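Everything on this sheet refers to the single structure shown next.
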Amino acid sequence: MNQLTIRPLTPSRWRDLETLFGKSGAYGGCWCMWFRVTHSQFAKQRNAGSKRAMKKIVNSGEVPGLMAYSSDTPVGWVSVAPREAFPALDRSRVAKRVDDQLVWSIVCFFVAKQYRRTGVTVELLKAAVEYARAHGAKIVEGYPIEPKKGSTPDPQGR
């Protein structure tokens, strides 16, 4: 694999996220909105609505995460932002806030199928922690989940 380049998701890179996530929006139309809205809102806006909501975030100038590239090809994504960007965490029994410290959260990774098990996720994690640190974070949390059946769905058979 070529050297990875990791960049913040900005409006000029929106098409790269579309390319990486495919028509289905990564994990079943999520577009990385699951932790950003209520469950009922997510159910209502899934797929196209979630895509519009993420695009609105990106167009606002907020950086909702980082993109990994091999050459110019988008190959990975990590969602990283201040915890306040993810209100669903505070509604979770297991991910509730434990104190009043300022925290950044890493809530999602997505790697194109042909780049999985090549170290992309590790590099995205390192970059996300460094990005959070550069923006004032002293604490960065993650919320790992073991995929069912050992794998996760892929957009468009990637």
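By convention in this document, the chains of the structure tokens carry letters A, B, ... by their order, each chain's residues are numbered from 1, and ligands are numbered from 1 in the order they are shown.
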Residue set, range 11-156 of chain A restricted to strand (DSSP E), as a ChimeraX atom specification: /A:65-70,73-82,104-111,140-142
Taking only residues of range 74-154 of chain A that have an atom at most 12 Å from an atom of range 47-58 of chain A, what is each one's shortest atom pair and its distance in Å to one decimal, using only C-alpha atoms, in chain and number order, as a tab-separated table?
```
residue	atom	partner	partner_atom	distance
A:Ser79	CA	A:Met54	CA	11.2
A:Ala81	CA	A:Ile57	CA	11.8
A:Ala85	CA	A:Ile57	CA	10.4
```
Would you mind listing what lies within 12 Å of Pro64 in chain A as a PyMOL selection string, with only C-alpha atoms counted and same-chain residues fewer than 2 positions away left out? chain A and resi 7-11+14+17+31-33+35-36+53-62+66-67+77-86+104-108+128+131-132
DSSP says alpha helix (DSSP H) for which residues of range 23-62 of chain A? Put them as a PyMOL selection string? chain A and resi 39-45+48-59
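Across A:Thr118, A:Leu125, A:Ser40, A:Phe110, the tightest approach to Tyr27 in chain A is made by A:Phe110 when counting only C-alpha atoms.
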Please, what distance in Å, to one decimal, runs between CA of Lys113 in chain A and CA of Ser71 in chain A? 16.5 Å
What is the distance between CA of His39 in chain A and CA of Glu146 in chain A, in Å to one decimal? 20.6 Å
Go through A:Gly76, A:Gly136, A:Pro144, A:Pro87 one by one, measure the shortest atom-to-atom distance of each to Gln114 in chain A using only C-alpha atoms, and give the residue with the smallest value.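 Using only C-alpha atoms, the shortest distance to Gln114 in chain A belongs to A:Gly76.
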Proximity to Gly65 in chain A - best of A:Phe109, A:Val103, A:Arg133, A:Val120, only C-alpha atoms: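 That would be A:Phe109, the residue with the smallest distance to Gly65 in chain A.
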What's the separation between CA of Val140 in chain A and CA of Thr121 in chain A, in Å to one decimal place? 16.0 Å
Determine the nearest neighbour of Asp16 in chain A from the options A:Gln45, A:Gly28, A:Asp72, A:Thr38, counting only C-alpha atoms. A:Asp72
Find the residues near Val94 in chain A: any atom within 12 Å, counting only C-alpha atoms, skip ones fewer than 6 places away on the same chain, and give them as JSON, numbers by chain. {"A": [88, 142, 143, 144, 145]}
With only C-alpha atoms as the basis for distance, which of A:Leu102, A:Ala127, A:Val63, A:Ala68 is at the shortest distance from Glu141 in chain A?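 When distances to Glu141 in chain A are compared using only C-alpha atoms, the smallest one comes from A:Leu102.
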